[in-house]
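**Q** See target.cif below, with mmCIF, C-alpha atoms.
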data_upload
loop_
_atom_site.group_PDB
_atom_site.id
_atom_site.type_symbol
_atom_site.label_atom_id
_atom_site.label_comp_id
_atom_site.auth_asym_id
_atom_site.auth_seq_id
_atom_site.Cartn_x
_atom_site.Cartn_y
_atom_site.Cartn_z
ATOM 1 C CA MET A 14 0.000 0.000 0.000
ATOM 2 C CA SER A 15 1.543 3.350 -1.025
ATOM 3 C CA GLU A 16 1.823 6.212 1.450
ATOM 4 C CA ASN A 17 -1.475 7.965 0.658
ATOM 5 C CA GLN A 18 -3.381 5.016 -0.779
ATOM 6 C CA LEU A 19 -6.625 4.159 0.956
ATOM 7 C CA TYR A 20 -7.807 0.628 1.574
ATOM 8 C CA LEU A 21 -11.528 0.084 2.196
ATOM 9 C CA ARG A 22 -12.991 -3.099 3.630
ATOM 10 C CA ASN A 23 -15.728 -4.429 5.878
ATOM 11 C CA MET A 24 -15.167 -3.731 9.559
ATOM 12 C CA GLN A 25 -13.926 -6.613 11.696
ATOM 13 C CA GLU A 26 -14.272 -7.094 15.434
ATOM 14 C CA GLN A 27 -10.612 -6.222 16.043
ATOM 15 C CA ASP A 28 -11.243 -2.797 14.417
ATOM 16 C CA ILE A 29 -13.694 -1.717 17.118
ATOM 17 C CA PRO A 30 -11.198 -0.026 19.516
ATOM 18 C CA ALA A 31 -9.802 2.172 16.713
ATOM 19 C CA VAL A 32 -13.297 2.949 15.390
ATOM 20 C CA ALA A 33 -14.538 3.826 18.890
ATOM 21 C CA SER A 34 -11.551 6.137 19.334
ATOM 22 C CA ILE A 35 -12.489 8.078 16.187
ATOM 23 C CA GLU A 36 -16.125 8.066 17.310
ATOM 24 C CA ARG A 37 -15.138 9.719 20.627
ATOM 25 C CA ALA A 38 -13.049 12.345 18.816
ATOM 26 C CA VAL A 39 -15.823 13.292 16.390
ATOM 27 C CA PHE A 40 -19.202 12.977 18.146
ATOM 28 C CA SER A 41 -20.670 14.595 21.264
ATOM 29 C CA ARG A 42 -22.675 11.402 21.974
ATOM 30 C CA PRO A 43 -20.272 8.655 20.861
ATOM 31 C CA TRP A 44 -21.136 5.000 20.577
ATOM 32 C CA THR A 45 -19.258 2.734 22.969
ATOM 33 C CA GLU A 46 -17.188 -0.258 21.915
ATOM 34 C CA GLN A 47 -20.021 -2.418 23.256
ATOM 35 C CA ALA A 48 -22.536 -0.589 21.033
ATOM 36 C CA PHE A 49 -20.394 -1.335 17.965
ATOM 37 C CA CYS A 50 -20.109 -5.005 19.022
ATOM 38 C CA GLU A 51 -23.878 -5.264 19.417
ATOM 39 C CA ALA A 52 -24.554 -3.504 16.110
ATOM 40 C CA MET A 53 -22.239 -5.886 14.271
ATOM 41 C CA GLN A 54 -24.334 -8.814 15.528
ATOM 42 C CA GLN A 55 -27.355 -7.442 13.636
ATOM 43 C CA ASP A 56 -27.938 -7.088 9.910
ATOM 44 C CA THR A 57 -25.472 -4.265 9.391
ATOM 45 C CA LEU A 58 -22.835 -3.131 6.984
ATOM 46 C CA PHE A 59 -19.829 -1.391 8.537
ATOM 47 C CA ILE A 60 -16.918 -0.152 6.437
ATOM 48 C CA VAL A 61 -13.470 0.998 7.575
ATOM 49 C CA VAL A 62 -10.886 3.004 5.668
ATOM 50 C CA LEU A 63 -7.203 2.346 6.266
ATOM 51 C CA LYS A 64 -4.301 4.587 5.357
ATOM 52 C CA GLU A 65 -0.814 3.273 6.074
ATOM 53 C CA ASN A 66 -2.426 0.352 7.958
ATOM 54 C CA THR A 67 -4.230 2.738 10.333
ATOM 55 C CA ILE A 68 -8.001 3.125 10.452
ATOM 56 C CA VAL A 69 -8.788 6.732 9.508
ATOM 57 C CA GLY A 70 -12.534 6.492 8.932
ATOM 58 C CA TYR A 71 -15.591 4.305 9.139
ATOM 59 C CA CYS A 72 -19.287 4.276 8.393
ATOM 60 C CA GLY A 73 -22.120 1.964 9.271
ATOM 61 C CA MET A 74 -25.587 1.117 8.094
ATOM 62 C CA TYR A 75 -28.439 -0.974 9.451
ATOM 63 C CA CYS A 76 -30.012 -3.101 6.725
ATOM 64 C CA SER A 77 -33.664 -4.061 6.652
ATOM 65 C CA PHE A 78 -35.050 -5.707 3.527
ATOM 66 C CA GLU A 79 -34.438 -3.192 0.692
ATOM 67 C CA GLU A 80 -33.711 -0.222 2.972
ATOM 68 C CA GLY A 81 -30.563 0.908 4.725
ATOM 69 C CA GLU A 82 -30.218 3.452 7.529
ATOM 70 C CA ILE A 83 -26.795 5.011 7.867
ATOM 71 C CA THR A 84 -25.871 5.246 11.532
ATOM 72 C CA ASN A 85 -22.308 6.556 11.700
ATOM 73 C CA VAL A 86 -20.020 8.359 9.289
ATOM 74 C CA ALA A 87 -16.713 9.620 10.656
ATOM 75 C CA VAL A 88 -13.209 10.457 9.541
ATOM 76 C CA ALA A 89 -10.382 11.030 12.022
ATOM 77 C CA PRO A 90 -10.057 14.799 12.606
ATOM 78 C CA LYS A 91 -6.499 14.990 11.209
ATOM 79 C CA GLU A 92 -7.644 13.265 7.993
ATOM 80 C CA GLN A 93 -10.778 15.320 7.308
ATOM 81 C CA GLY A 94 -11.037 17.364 4.124
ATOM 82 C CA ARG A 95 -9.058 14.880 2.008
ATOM 83 C CA GLY A 96 -11.904 13.113 0.221
ATOM 84 C CA ILE A 97 -11.922 10.082 2.522
ATOM 85 C CA GLY A 98 -15.573 10.538 3.495
ATOM 86 C CA GLY A 99 -16.684 10.589 -0.125
ATOM 87 C CA GLU A 100 -14.712 7.476 -1.080
ATOM 88 C CA MET A 101 -16.004 5.676 1.996
ATOM 89 C CA MET A 102 -19.641 6.583 1.287
ATOM 90 C CA GLU A 103 -19.350 5.575 -2.381
ATOM 91 C CA PHE A 104 -17.944 2.208 -1.273
ATOM 92 C CA LEU A 105 -20.767 1.783 1.269
ATOM 93 C CA LEU A 106 -23.426 2.595 -1.334
ATOM 94 C CA ARG A 107 -21.918 0.099 -3.809
ATOM 95 C CA GLN A 108 -21.906 -2.584 -1.095
ATOM 96 C CA ALA A 109 -25.510 -1.735 -0.220
ATOM 97 C CA LYS A 110 -26.577 -2.044 -3.851
ATOM 98 C CA GLN A 111 -24.924 -5.467 -4.078
ATOM 99 C CA ARG A 112 -27.047 -6.509 -1.078
ATOM 100 C CA GLY A 113 -30.233 -5.376 -2.839
ATOM 101 C CA ILE A 114 -30.710 -2.192 -0.829
ATOM 102 C CA THR A 115 -32.576 0.276 -3.022
ATOM 103 C CA ARG A 116 -33.177 3.129 -0.546
ATOM 104 C CA VAL A 117 -30.757 4.599 1.994
ATOM 105 C CA VAL A 118 -31.668 7.167 4.651
ATOM 106 C CA LEU A 119 -29.612 9.159 7.143
ATOM 107 C CA GLU A 120 -29.855 12.109 9.513
ATOM 108 C CA VAL A 121 -27.330 14.917 9.678
ATOM 109 C CA ARG A 122 -27.088 18.015 11.860
ATOM 110 C CA ILE A 123 -28.508 20.975 9.938
ATOM 111 C CA SER A 124 -25.354 22.955 10.792
ATOM 112 C CA ASN A 125 -23.056 20.332 9.228
ATOM 113 C CA ASP A 126 -22.758 22.034 5.834
ATOM 114 C CA HIS A 127 -19.706 19.994 4.814
ATOM 115 C CA ALA A 128 -21.500 16.667 5.347
ATOM 116 C CA ILE A 129 -24.708 17.915 3.712
ATOM 117 C CA ARG A 130 -22.744 18.944 0.590
ATOM 118 C CA LEU A 131 -21.020 15.543 0.533
ATOM 119 C CA TYR A 132 -24.336 13.694 0.755
ATOM 120 C CA GLU A 133 -25.943 15.927 -1.901
ATOM 121 C CA ASN A 134 -22.985 15.320 -4.233
ATOM 122 C CA LEU A 135 -23.544 11.574 -3.776
ATOM 123 C CA GLY A 136 -27.211 11.943 -4.770
ATOM 124 C CA PHE A 137 -28.931 12.195 -1.381
ATOM 125 C CA ARG A 138 -31.820 14.653 -1.151
ATOM 126 C CA ASN A 139 -33.402 16.459 1.783
ATOM 127 C CA CYS A 140 -36.739 14.895 2.657
ATOM 128 C CA GLY A 141 -37.493 16.630 5.963
ATOM 129 C CA ILE A 142 -36.352 18.018 9.294
ATOM 130 C CA ARG A 143 -36.538 16.275 12.672
ATOM 131 C CA LYS A 144 -36.873 18.984 15.311
ATOM 132 C CA ASN A 145 -34.416 18.732 18.213
ATOM 133 C CA PHE A 146 -33.136 15.384 16.940
ATOM 134 C CA TYR A 147 -29.639 15.942 18.344
ATOM 135 C CA ASP A 148 -28.474 17.054 21.745
ATOM 136 C CA LEU A 149 -25.109 18.265 23.057
ATOM 137 C CA PRO A 150 -25.855 20.751 21.530
ATOM 138 C CA ARG A 151 -29.591 20.584 20.848
ATOM 139 C CA GLU A 152 -30.136 20.837 17.110
ATOM 140 C CA ASP A 153 -32.490 19.801 14.336
ATOM 141 C CA GLY A 154 -31.576 16.908 12.091
ATOM 142 C CA MET A 155 -32.035 16.864 8.334
ATOM 143 C CA VAL A 156 -33.355 13.577 6.999
ATOM 144 C CA MET A 157 -31.786 12.712 3.657
ATOM 145 C CA VAL A 158 -32.632 9.865 1.305
ATOM 146 C CA PHE A 159 -30.783 8.176 -1.552
ATOM 147 C CA ASP A 160 -32.439 5.950 -4.137
ATOM 148 C CA ASN A 161 -29.865 3.269 -4.902
ATOM 149 C CA GLU A 162 -31.325 1.860 -8.121
#
In C-alpha cells, what does this structure look like?
**A**
Amino acid sequence: MSENQLYLRNMQEQDIPAVASIERAVFSRPWTEQAFCEAMQQDTLFIVVLKENTIVGYCGMYCSFEEGEITNVAVAPKEQGRGIGGEMMEFLLRQAKQRGITRVVLEVRISNDHAIRLYENLGFRNCGIRKNFYDLPREDGMVMVFDNE
C-alpha cells in the first residue's frame, strides 16, 4: 500500500477499539465499543478506511429488507477534508446495492454544511427536518434519502 493510498474493507471485530476512538473524537454522543459489538451482531454493513495500515474512517448502516439506515459516518479529525468521506460513502453505497438495498436514509445536523454537501454530491436529497433530533448541543436533524437503483 503506497503512502497515501486508501484501503476500504468491511469492519472486523478487532477494528472496534480504533473505530470507537475516532467516534469519541468526532461525536458529542459517541457510541461505545459495546454498542459497535452489538450492532455488528445485527444485519449491518460497517466499512473501515485504512491509510498506512491505520483506520482513519468508518461508516455503518443498518439493513432491513431493501432499505438501509446510515448510523455513523466519521473520519479522524487529522484526515478530514481529504476526500476520505466521499470514497467511503461511495464504497458503502456500492456494497448496499450489491445486497439489494434500493433506498438509503440518514440524519445529519442541519449545521453540518460539509456533510450535507457531501451527501448531496452523492445523490442524497433532503426529505425533511426532525426537530431537536440531536443534543449536546440541541439541534435539528435533516433527513436525507438516496435511491440506490
**Q** List the neighbours of stretch 48-55 of chain A out to 9 Å using only C-alpha atoms; skip same-chain residues closer than 4 positions along the sequence, and give me the result as a PyMOL selection string.
**A** chain A and resi 24-26+29+32-33+44+59+75-76
**Q** Given the selection you just returned, output its residues as a file containing C-alpha atoms, formatted as a short mmCIF file (atom, residue, chain, number, x, y, z; two decimals), keeping the file's coordinate frame.
**A**
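Output (part36.cif):
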data_model
loop_
_atom_site.label_atom_id
_atom_site.label_comp_id
_atom_site.auth_asym_id
_atom_site.auth_seq_id
_atom_site.Cartn_x
_atom_site.Cartn_y
_atom_site.Cartn_z
CA MET A 24 -15.17 -3.73 9.56
CA GLN A 25 -13.93 -6.61 11.70
CA GLU A 26 -14.27 -7.09 15.43
CA ILE A 29 -13.69 -1.72 17.12
CA VAL A 32 -13.30 2.95 15.39
CA ALA A 33 -14.54 3.83 18.89
CA TRP A 44 -21.14 5.00 20.58
CA PHE A 59 -19.83 -1.39 8.54
CA TYR A 75 -28.44 -0.97 9.45
CA CYS A 76 -30.01 -3.10 6.72
#
**Q** What would the list of residues within 12 Å of (-31.8, 20.0, 18.7) (file frame) look like as number ranges by chain, if only C-alpha atoms are what count?
**A** A: 121-124, 142-155
**Q** Quick one: apply the PyMOL selection byres ((chain A and resi 78) around 12) to the file and drop the selected residues here as a ChimeraX atom specification.
**A** /A:56-57,75-77,79-82,109-110,112-117
**Q** Keeping only C-alpha atoms, take the residues you just selected and write them out as a compact mmCIF listing (two decimals), in the frame of the given file.
**A**
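So the final result, stored in part.txt, reads:
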# COMPACT_ATOMS: atom_id res chain seq x y z
CA ASP A 56 -27.94 -7.09 9.91
CA THR A 57 -25.47 -4.26 9.39
CA TYR A 75 -28.44 -0.97 9.45
CA CYS A 76 -30.01 -3.10 6.72
CA SER A 77 -33.66 -4.06 6.65
CA GLU A 79 -34.44 -3.19 0.69
CA GLU A 80 -33.71 -0.22 2.97
CA GLY A 81 -30.56 0.91 4.72
CA GLU A 82 -30.22 3.45 7.53
CA ALA A 109 -25.51 -1.74 -0.22
CA LYS A 110 -26.58 -2.04 -3.85
CA ARG A 112 -27.05 -6.51 -1.08
CA GLY A 113 -30.23 -5.38 -2.84
CA ILE A 114 -30.71 -2.19 -0.83
CA THR A 115 -32.58 0.28 -3.02
CA ARG A 116 -33.18 3.13 -0.55
CA VAL A 117 -30.76 4.60 1.99
**Q** For stretch 115-138 of chain A against stretch 89-105 of chain A, with a cut-off of 10 Å and counting only C-alpha atoms, what is the closest atom pair and its distance in Å to one decimal for every residue that makes the cut, ordered by chain and number, as a Markdown table?
**A**
| residue | atom | partner | partner_atom | distance |
| --- | --- | --- | --- | --- |
| A:His127 | CA | A:Gly94 | CA | 9.1 |
| A:Ala128 | CA | A:Gly98 | CA | 8.7 |
| A:Leu131 | CA | A:Gly99 | CA | 6.6 |
| A:Tyr132 | CA | A:Gly99 | CA | 8.3 |
| A:Asn134 | CA | A:Gly99 | CA | 8.9 |
| A:Leu135 | CA | A:Glu103 | CA | 7.5 |
**Q** I'd like to know which of A:Glu133, A:Arg138, A:Val156, A:Asn17 is closest to A:Ile83, using only C-alpha atoms.
**A**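 Nearest to A:Ile83: A:Val156.
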**Q** Could you list, as a compact mmCIF listing (two decimals) with C-alpha atoms, in the coordinates of the input, every residue matched by the PyMOL selection byres ((chain A and resi 38) around 12) in this structure?
**A**
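Saved result, expr-v5.txt, follows:
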# COMPACT_ATOMS: atom_id res chain seq x y z
CA ALA A 31 -9.80 2.17 16.71
CA VAL A 32 -13.30 2.95 15.39
CA ALA A 33 -14.54 3.83 18.89
CA SER A 34 -11.55 6.14 19.33
CA ILE A 35 -12.49 8.08 16.19
CA GLU A 36 -16.12 8.07 17.31
CA ARG A 37 -15.14 9.72 20.63
CA VAL A 39 -15.82 13.29 16.39
CA PHE A 40 -19.20 12.98 18.15
CA SER A 41 -20.67 14.60 21.26
CA ARG A 42 -22.68 11.40 21.97
CA PRO A 43 -20.27 8.65 20.86
CA TRP A 44 -21.14 5.00 20.58
CA VAL A 69 -8.79 6.73 9.51
CA GLY A 70 -12.53 6.49 8.93
CA ALA A 87 -16.71 9.62 10.66
CA VAL A 88 -13.21 10.46 9.54
CA ALA A 89 -10.38 11.03 12.02
CA PRO A 90 -10.06 14.80 12.61
CA LYS A 91 -6.50 14.99 11.21
**Q** Using atom CA of A:Tyr71 and atom CA of A:Leu19 as the two end points, give the distance in Å to one decimal.
**A**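 One can read the atom CA of A:Tyr71 to atom CA of A:Leu19 distance as 12.1 Å.
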**Q** Give the answer as one residue: which of A:Asn125, A:Asn139, A:Thr84, A:Gln111 has the shortest atom-to-atom distance to A:Glu162, using only C-alpha atoms?
**A**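 Residue with the minimum atom-to-atom distance to A:Glu162: A:Gln111.
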**Q** One decimal, Å: what's the distance from atom CA of A:Leu106 over to atom CA of A:Pro30, could you say?
**A**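 Calculated distance between atom CA of A:Leu106 and atom CA of A:Pro30 is 24.3 Å.
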**Q** Give me, please, the distance in Å between atom CA of A:Ile129 and atom CA of A:Asp28, quoted to one decimal.
**A**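 Result for atom CA of A:Ile129 versus atom CA of A:Asp28: 26.9 Å, one decimal.
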**Q** For A:Ile60, which of A:Asn23, A:Met74, A:Gln47, A:Met157 is the closest residue, counting only C-alpha atoms?
**A**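 Closest residue, counting only C-alpha atoms: A:Asn23.
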**Q** Could you write out as lines of an AutoDock Vina configuration file the box around stretch 98-102 of chain A (axis-aligned, all atoms listed in the file, 5 Å on each side), with centre and edge lengths in Å to one decimal?
**A**
center_x = -17.2
center_y = 8.1
center_z = 1.2
size_x = 14.9
size_y = 14.9
size_z = 14.6
**Q** Could you please fill out stretch 41-59 of chain A with N, CA, C and O atoms and send it back as an mmCIF file, in the frame of the given file?
**A**
data_model
loop_
_atom_site.group_PDB
_atom_site.id
_atom_site.type_symbol
_atom_site.label_atom_id
_atom_site.label_comp_id
_atom_site.auth_asym_id
_atom_site.auth_seq_id
_atom_site.Cartn_x
_atom_site.Cartn_y
_atom_site.Cartn_z
ATOM 1 N N SER A 41 -20.384 14.188 19.888
ATOM 2 C CA SER A 41 -20.670 14.595 21.264
ATOM 3 C C SER A 41 -21.361 13.485 22.050
ATOM 4 O O SER A 41 -21.304 13.468 23.271
ATOM 5 N N ARG A 42 -22.025 12.568 21.364
ATOM 6 C CA ARG A 42 -22.675 11.402 21.974
ATOM 7 C C ARG A 42 -22.140 10.146 21.303
ATOM 8 O O ARG A 42 -22.841 9.501 20.515
ATOM 9 N N PRO A 43 -20.886 9.775 21.584
ATOM 10 C CA PRO A 43 -20.272 8.655 20.861
ATOM 11 C C PRO A 43 -20.833 7.294 21.263
ATOM 12 O O PRO A 43 -21.234 7.078 22.401
ATOM 13 N N TRP A 44 -20.833 6.393 20.295
ATOM 14 C CA TRP A 44 -21.136 5.000 20.577
ATOM 15 C C TRP A 44 -19.974 4.422 21.381
ATOM 16 O O TRP A 44 -18.818 4.799 21.192
ATOM 17 N N THR A 45 -20.287 3.458 22.225
ATOM 18 C CA THR A 45 -19.258 2.734 22.969
ATOM 19 C C THR A 45 -18.766 1.555 22.137
ATOM 20 O O THR A 45 -19.400 1.167 21.147
ATOM 21 N N GLU A 46 -17.660 0.964 22.579
ATOM 22 C CA GLU A 46 -17.188 -0.258 21.915
ATOM 23 C C GLU A 46 -18.268 -1.334 21.976
ATOM 24 O O GLU A 46 -18.478 -2.061 21.007
ATOM 25 N N GLN A 47 -18.948 -1.427 23.103
ATOM 26 C CA GLN A 47 -20.021 -2.418 23.256
ATOM 27 C C GLN A 47 -21.138 -2.169 22.239
ATOM 28 O O GLN A 47 -21.675 -3.122 21.660
ATOM 29 N N ALA A 48 -21.483 -0.907 22.001
ATOM 30 C CA ALA A 48 -22.536 -0.589 21.033
ATOM 31 C C ALA A 48 -22.134 -1.044 19.631
ATOM 32 O O ALA A 48 -22.962 -1.581 18.881
ATOM 33 N N PHE A 49 -20.861 -0.853 19.268
ATOM 34 C CA PHE A 49 -20.394 -1.335 17.965
ATOM 35 C C PHE A 49 -20.462 -2.855 17.903
ATOM 36 O O PHE A 49 -20.886 -3.425 16.894
ATOM 37 N N CYS A 50 -20.045 -3.534 18.979
ATOM 38 C CA CYS A 50 -20.109 -5.005 19.022
ATOM 39 C C CYS A 50 -21.541 -5.483 18.809
ATOM 40 O O CYS A 50 -21.789 -6.398 18.019
ATOM 41 N N GLU A 51 -22.472 -4.866 19.521
ATOM 42 C CA GLU A 51 -23.878 -5.264 19.417
ATOM 43 C C GLU A 51 -24.422 -4.983 18.024
ATOM 44 O O GLU A 51 -25.155 -5.801 17.464
ATOM 45 N N ALA A 52 -24.063 -3.841 17.450
ATOM 46 C CA ALA A 52 -24.554 -3.504 16.110
ATOM 47 C C ALA A 52 -24.042 -4.506 15.085
ATOM 48 O O ALA A 52 -24.784 -4.890 14.170
ATOM 49 N N MET A 53 -22.810 -4.944 15.239
ATOM 50 C CA MET A 53 -22.239 -5.886 14.271
ATOM 51 C C MET A 53 -22.906 -7.257 14.333
ATOM 52 O O MET A 53 -22.782 -8.042 13.396
ATOM 53 N N GLN A 54 -23.627 -7.539 15.409
ATOM 54 C CA GLN A 54 -24.334 -8.814 15.528
ATOM 55 C C GLN A 54 -25.676 -8.785 14.794
ATOM 56 O O GLN A 54 -26.320 -9.808 14.636
ATOM 57 N N GLN A 55 -26.092 -7.592 14.362
ATOM 58 C CA GLN A 55 -27.355 -7.442 13.636
ATOM 59 C C GLN A 55 -27.068 -7.421 12.143
ATOM 60 O O GLN A 55 -25.939 -7.609 11.716
ATOM 61 N N ASP A 56 -28.112 -7.176 11.363
ATOM 62 C CA ASP A 56 -27.938 -7.088 9.910
ATOM 63 C C ASP A 56 -27.422 -5.692 9.581
ATOM 64 O O ASP A 56 -28.195 -4.761 9.369
ATOM 65 N N THR A 57 -26.107 -5.563 9.610
ATOM 66 C CA THR A 57 -25.472 -4.265 9.391
ATOM 67 C C THR A 57 -24.366 -4.387 8.367
ATOM 68 O O THR A 57 -23.894 -5.478 8.052
ATOM 69 N N LEU A 58 -23.957 -3.236 7.885
ATOM 70 C CA LEU A 58 -22.835 -3.131 6.984
ATOM 71 C C LEU A 58 -21.951 -2.023 7.537
ATOM 72 O O LEU A 58 -22.373 -0.868 7.600
ATOM 73 N N PHE A 59 -20.780 -2.374 8.021
ATOM 74 C CA PHE A 59 -19.829 -1.391 8.537
ATOM 75 C C PHE A 59 -18.568 -1.452 7.689
ATOM 76 O O PHE A 59 -18.064 -2.531 7.391
#
